[in-house]
Amino acid sequence: MMVRLEKRPTPSKKWAYLTPPIAVIATMIAGGILFAFLGKDPVVAIRTIFWDPVFGEFAFYYRGQLLVKAGPLILIAIGLSLGFKAGIWNIGAEGQYIMGAIFGAAVGLAFYPMEARWLIFPLMIIAGALGGLLWAMIPGILKTRFNTNEILVSLLLVYVAEAILASMSLGLLRNPEGQGFPGSRNLRQYESAANNELIAGWGMHWGVVAAFIAVIFAYILLSRHIMGFNIRLTGESPRAARFAGVNPNRLILFCLGLSGALAGLAGMFEVAGPAGQISIDFNVGYGFTAIIVAFLGRLHPIGILLAGLLMALTYIGGEAAQASLGLPAAAIQAFQGMLLFFLLAFDVLTNFKVRFGREAAA
Amino acid sequence: MTALLSVRGLRKAYPGVVANDDVSFTVGKGEVHALLGENGAGKSTLVKMVYGLVKPDEGQMTFNGDIYTPGSPHEARSTGVAMVFQHFSLFEALDVAENVALGMENPPPMRELAASIREVSETYGLPLDPTRLVGDLSAGERQRVEIIRCLLQDPKLLIMDEPTSVLTPQEVDILFETLRKLQAEGTSILYISHKLEEIRSLCDGATILRLGKVVGSCDPRDKSARELAEMMVGTELKTPTSTRHALGDVLLTLKNLSVKSPNPFGTSLKDVSFDVREGEVLGIGGVAGNGQDELLGALSGELLTTSDAVQLKGQAIGHLGPNQRRELGVLAAPEERLGHAAAPDMSLVENAALSGWVRMGLVKNGFIDWSNARSFAEKVIADYDVRTPSSANAARALSGGNLQKFVIGREILQDPDILVVNQPTWGVDASAAASIRQAILDLAAGGAAVVCISQDLDELMEISNRFAALNEGRLSEPRPAQGLTIEEIGLMMGGAHGMEVAHIHEAEGA
């Protein structure tokens, strides 16, 4: 008995839609085995991660958290997906997220203690987007000018951004009334800069609103606008794109700039809302997890919306499992990594048919 | 004549397509046998089975009377079968002798090998210096390296896959001399081509394939080229007709265009000048890889030049990109259909918008009007007889000929002032090719200027008013196509590359 892969003449639409759910199920099974090795009941662990946060006893608390976590993931993943579709690989959204947070917080703190929400909050939003955009322009300009690899440059700039973040929370942005502790003033306690919940208990803040707007924006861009058409065309066939008059450099800057700006926005909404302050450990990996979200969502805006919610669930469920079952934090990261692994592995099915048995002619 | 290779009931199926079905034919000792058929007829699969690269699903072969089941090219070679491929497998950084040694089972010491290369090349009139780097050789000379590599193995059967597609007419003559000499020594040759005249002048027998099946065999010397073509296609052929019309003003001028190829292995254009008038078709011939892609790029706007080098009615446009040129009426259809002229996985509607949105007004305020794009795609499909279930089908689902009709139709329906096409009928079946040529002639009759880049000289002679040839990035002076002899054309294409005079005499004397 033999298993063979046979290339499909065209990628299968059916499997393109089926692989994400199958990858989720495979992750649950493999994760269950992992948890069993850690000495936990796999069924309880999976239920704690996937079921309890939404339908369990403490769901009223966790449900709000769902949007809080999903918001930045979706916002960042939408930006990344546009570049990924065109074959432009921004891996450094985490760094752009940090820079957006620093820019946004810096503008807010600069006005402290002036009260003028109509002016300060919008300015913070602009500054946040600008921070991420500028950080993403570094790999963009290096790529268009010197043909550097944007994967490496954007990734390495994450570590630079983290160093700047540490320096900011210890130096320039440190709370002067904080008894020397690292970290800035808490923006949530500053009326004009706070990004608080819009409806109590829902977890809905302006960042989540921005994420939903981004989903709609990306959907329209890709399906109706010439820019979205050019993005898809470049990803499909760079030479045909050039024939169609697409300027590849302009497209690189657009995709990197937009994904940087959205990541920056996510960082700004986070620092002014759920996180509240600039601190050394402000970033928790949303920028990297968003890469998984983008692929899990098939680089499609609606898919990303669903994938973002699912990924948020693993974050929250993971925390719950840490608290109630004593699972290590790394187990949850391994769990998320497995999801991407299975997704890529099952993607083989969209391009290949699996055949059992010997080759007919042999 | 006794049979050397005999093939009985060979069949090979790939997922979704039967490449060969019940194919039988015989090659006699010392026979030059042609395998004739259109692209996709299954010629290449068939010879790959003979050469041991592909294993047949059914059927059997005998070689010299023995059952022959080659499991690998290595086995085929030791039986006495050698093959020269359409695409060469040579290392550019090594010299001729080293390349030959790499393809041999037990290469002799370099000095001896160089001597035997010299000897074989003299004997068969294939001049080649064993110490030259392959990277410096022309396509014709590279082919000689492959042939000599085969000849050193003393083959009983030599398979040649479309050997003349990269040669100038003079180089074709030299090749044919060599092949006749081999034949006289008793070597059999299996010759694959779709060029009918050369088969008529060279081959003793022919097997004609259509859609993977043998549809006939004949002595090509008894048939006319037209009869052979009709056997190949299976229908009667229409030849394009050109109406006589007066030429108008100069529309497009190229003035001392020099541009570096963006591709490290490409050919830079050097000092190219010509002009094309309203109603004129300028044919540009040349062996592949002599700057054809670069010339199309420089005209379409994908490759930017100094602004004066390209002029439209006196207006400098060399610095303008593809869409700005489209606005001015300069359109192009590149050679590579999938991946350049069209995006393989996109629908025909999207592919219609790809190059059509500027002139057809399909984008308003940045938004694409998909319903108008669909009607444009459907008009192309209807007017140019593109066979497809619907306009929503992906470009890659179409056959080569149908997609080419779509690509050419898409540009012509945009009513260009200037149309630049590269290899408009490459890999297209004969009836589709005829309708594409007719469309080009009709466009010119309507007052447009057409630049047709092609490696098919018959095609260029059929549709061009004037002819010029690209050779190593330089363009010869355009001359009226009518009355040009094949020798003159060959010289414009660079003659026989690397031939010293003495060798020509030797080849002729052979």
# chains A, B, ... in the order shown; residues from 1 in each chain; ligands from 1

$ residues_around --residues "Ser165 in chain B" --least-positions-apart "4" --cutoff "9 Å" --atoms "only C-alpha atoms" --output "list in words"
Gln86, Ser193, Val287, Ala288, Gln455 and Asp456 of chain B

$ select_by_dssp --residues "range 7-213 of chain B" --states "alpha helix (DSSP H)" --output "PyMOL selection string"
chain B and resi 43-50+73-79+96-102+110-123+139-151+169-184+196-202

$ closest_atom_pairs --of "chain B" --to "chain A" --cutoff "10 Å" --atoms "only C-alpha atoms" --output "CSV"
residue,atom,partner,partner_atom,distance
B:Lys12,CA,A:Ala361,CA,9.1
B:Ala13,CA,A:Ala361,CA,9.6
B:Pro15,CA,A:Glu6,CA,8.4
B:Gly16,CA,A:Pro9,CA,8.5
B:Lys55,CA,A:Ala361,CA,8.1
B:Pro56,CA,A:Ala361,CA,7.6
B:Asp57,CA,A:Ala361,CA,5.1
B:Glu58,CA,A:Ala361,CA,7.9
B:Gly297,CA,A:Phe243,CA,8.6
B:Ser300,CA,A:Phe243,CA,7.8
B:Gly301,CA,A:Phe243,CA,8.1
B:Glu302,CA,A:Phe243,CA,6.2
B:Leu303,CA,A:Arg242,CA,9.6
B:Gly321,CA,A:Gly245,CA,6.5
B:Pro322,CA,A:Gly245,CA,5.0
B:Asn323,CA,A:Gly245,CA,5.4
B:Gln324,CA,A:Gly245,CA,8.5
B:Arg325,CA,A:Gly245,CA,9.7
B:Arg326,CA,A:Gly245,CA,9.5
B:Ala332,CA,A:Phe243,CA,8.9
B:Ala333,CA,A:Phe243,CA,9.2
B:Pro334,CA,A:Phe243,CA,8.6
B:Glu336,CA,A:Ala240,CA,9.5
B:Arg337,CA,A:Ala240,CA,9.3
B:Leu338,CA,A:Ala240,CA,8.4
B:Gly339,CA,A:Ser237,CA,5.5
B:His340,CA,A:Ala240,CA,4.0
B:Ala341,CA,A:Ala240,CA,5.8
B:Ala342,CA,A:Ala240,CA,6.0
B:Ala343,CA,A:Ser237,CA,5.8
B:Pro344,CA,A:Glu236,CA,7.6
B:Asp345,CA,A:Glu236,CA,7.1
B:Met346,CA,A:Glu236,CA,8.1
B:Glu350,CA,A:Phe229,CA,8.5
B:Asn351,CA,A:Leu233,CA,9.5
B:Ala353,CA,A:Ala244,CA,9.0
B:Leu354,CA,A:Ala244,CA,5.6
B:Ser355,CA,A:Ala244,CA,5.3
B:Gly356,CA,A:Ala244,CA,8.7
B:Trp357,CA,A:Ala244,CA,9.2
B:Val358,CA,A:Ala244,CA,9.7
B:Leu362,CA,A:Ile226,CA,9.7
B:Val363,CA,A:Ile226,CA,7.2
B:Lys364,CA,A:His225,CA,9.3
B:Asn365,CA,A:His225,CA,8.9
B:Gly366,CA,A:Ile226,CA,5.6
B:Phe367,CA,A:His225,CA,4.3
B:Ile368,CA,A:Arg224,CA,5.5
B:Asp369,CA,A:Arg224,CA,7.7
B:Trp370,CA,A:Arg224,CA,7.8
B:Ala394,CA,A:Thr10,CA,9.2
B:Arg396,CA,A:Thr10,CA,8.3
B:Ala397,CA,A:Thr10,CA,8.3

$ write_last_selection --atoms "C-alpha atoms" --output "PDB file, in the first residue's frame"
ATOM      1  CA  LYS B  12       0.368   7.003 -21.883  1.00  0.00           C
ATOM      2  CA  ALA B  13      -2.247   8.829 -19.832  1.00  0.00           C
ATOM      3  CA  PRO B  15      -4.418  12.910 -15.017  1.00  0.00           C
ATOM      4  CA  GLY B  16      -7.151  14.372 -17.178  1.00  0.00           C
ATOM      5  CA  LYS B  55       7.226   4.757 -18.852  1.00  0.00           C
ATOM      6  CA  PRO B  56       4.340   3.741 -21.162  1.00  0.00           C
ATOM      7  CA  ASP B  57       1.094   2.491 -19.617  1.00  0.00           C
ATOM      8  CA  GLU B  58       0.571  -0.050 -22.405  1.00  0.00           C
ATOM      9  CA  GLY B 297       8.929  45.585 -23.164  1.00  0.00           C
ATOM     10  CA  SER B 300       4.704  48.310 -24.236  1.00  0.00           C
ATOM     11  CA  GLY B 301       6.195  50.530 -21.539  1.00  0.00           C
ATOM     12  CA  GLU B 302       7.232  47.759 -19.189  1.00  0.00           C
ATOM     13  CA  LEU B 303      10.828  48.712 -19.912  1.00  0.00           C
ATOM     14  CA  GLY B 321       4.534  53.391 -18.418  1.00  0.00           C
ATOM     15  CA  PRO B 322       2.159  50.817 -19.932  1.00  0.00           C
ATOM     16  CA  ASN B 323      -1.090  52.518 -18.928  1.00  0.00           C
ATOM     17  CA  GLN B 324      -0.052  55.952 -20.165  1.00  0.00           C
ATOM     18  CA  ARG B 325       0.866  54.380 -23.486  1.00  0.00           C
ATOM     19  CA  ARG B 326      -2.470  52.574 -23.605  1.00  0.00           C
ATOM     20  CA  ALA B 332       0.887  45.166 -26.791  1.00  0.00           C
ATOM     21  CA  ALA B 333       0.368  41.404 -26.575  1.00  0.00           C
ATOM     22  CA  PRO B 334       3.373  39.629 -25.026  1.00  0.00           C
ATOM     23  CA  GLU B 336       4.049  34.392 -22.726  1.00  0.00           C
ATOM     24  CA  ARG B 337       0.292  33.989 -22.473  1.00  0.00           C
ATOM     25  CA  LEU B 338       0.084  32.575 -18.961  1.00  0.00           C
ATOM     26  CA  GLY B 339       1.860  34.746 -16.479  1.00  0.00           C
ATOM     27  CA  HIS B 340       2.545  37.769 -18.658  1.00  0.00           C
ATOM     28  CA  ALA B 341      -0.331  38.558 -21.010  1.00  0.00           C
ATOM     29  CA  ALA B 342      -2.808  36.947 -18.610  1.00  0.00           C
ATOM     30  CA  ALA B 343      -2.881  35.924 -14.953  1.00  0.00           C
ATOM     31  CA  PRO B 344      -3.404  32.131 -14.914  1.00  0.00           C
ATOM     32  CA  ASP B 345      -5.765  31.820 -11.942  1.00  0.00           C
ATOM     33  CA  MET B 346      -7.849  34.887 -12.657  1.00  0.00           C
ATOM     34  CA  GLU B 350     -10.502  39.896 -14.602  1.00  0.00           C
ATOM     35  CA  ASN B 351      -8.055  39.253 -17.398  1.00  0.00           C
ATOM     36  CA  ALA B 353      -9.862  44.253 -17.188  1.00  0.00           C
ATOM     37  CA  LEU B 354      -6.139  43.603 -16.741  1.00  0.00           C
ATOM     38  CA  SER B 355      -5.071  45.414 -19.890  1.00  0.00           C
ATOM     39  CA  GLY B 356      -8.431  46.802 -20.947  1.00  0.00           C
ATOM     40  CA  TRP B 357      -9.488  49.034 -18.068  1.00  0.00           C
ATOM     41  CA  VAL B 358      -7.739  52.154 -19.254  1.00  0.00           C
ATOM     42  CA  LEU B 362     -13.737  50.155 -16.749  1.00  0.00           C
ATOM     43  CA  VAL B 363     -12.487  52.076 -13.705  1.00  0.00           C
ATOM     44  CA  LYS B 364     -14.395  55.023 -12.267  1.00  0.00           C
ATOM     45  CA  ASN B 365     -13.008  56.877  -9.237  1.00  0.00           C
ATOM     46  CA  GLY B 366     -10.721  53.952  -8.597  1.00  0.00           C
ATOM     47  CA  PHE B 367     -13.546  51.414  -8.561  1.00  0.00           C
ATOM     48  CA  ILE B 368     -13.765  48.682 -11.167  1.00  0.00           C
ATOM     49  CA  ASP B 369     -17.019  48.363 -13.036  1.00  0.00           C
ATOM     50  CA  TRP B 370     -17.232  44.574 -13.116  1.00  0.00           C
ATOM     51  CA  ALA B 394      -9.820  30.878 -15.187  1.00  0.00           C
ATOM     52  CA  ARG B 396      -5.322  28.627 -17.314  1.00  0.00           C
ATOM     53  CA  ALA B 397      -8.343  26.430 -18.064  1.00  0.00           C
TER      54      ALA B 397
END

$ residues_around --residues "Gln482 in chain B" --least-positions-apart "2" --cutoff "8 Å" --atoms "only C-alpha atoms" --output "count of residues only"
5

$ closest_residue --among "A:Asn186, A:Arg355, A:Leu157, A:Val24" --to "Ile91 in chain A" --atoms "only C-alpha atoms"
A:Leu157

$ residues_around --residues "Met28 in chain A" --least-positions-apart "4" --cutoff "12 Å" --atoms "only C-alpha atoms" --output "number ranges by chain"
A: 21-24, 32-36, 42-50, 314, 332, 334-336, 338-339, 342

$ closest_residue --among "B:Ala444, B:Leu228, B:Leu295, B:Ala114" --to "Leu247 in chain B" --atoms "only C-alpha atoms"
B:Ala444

$ residues_around --residues "His194 in chain B" --least-positions-apart "2" --cutoff "7 Å" --atoms "only C-alpha atoms" --output "PyMOL selection string"
chain B and resi 36-38+196

$ atom_distance --atom1 "CA of Lys29 in chain B" --atom2 "CA of Pro155 in chain B"
11.9 Å

$ residues_around --residues "Leu46 in chain B" --least-positions-apart "4" --cutoff "10 Å" --atoms "only C-alpha atoms" --output "ChimeraX atom specification"
/B:7,10-12,19-21,23,35,41-42,50-51,53-56,212

$ residues_around --residues "Asp66 in chain B" --least-positions-apart "3" --cutoff "12 Å" --atoms "only C-alpha atoms" --output "ChimeraX atom specification"
/B:3-7,60-63,69-70,79

$ atom_distance --atom1 "CA of Gly276 in chain A" --atom2 "CA of Ile102 in chain A"
11.9 Å

$ atom_distance --atom1 "CA of Val172 in chain B" --atom2 "CA of Ala34 in chain B"
15.9 Å

$ select_by_dssp --residues "range 313-432 of chain B" --states "strand (DSSP E)" --output "VMD selection string"
chain B and resid 315 to 316 330 to 333 363 to 364 367 to 368 418 to 422
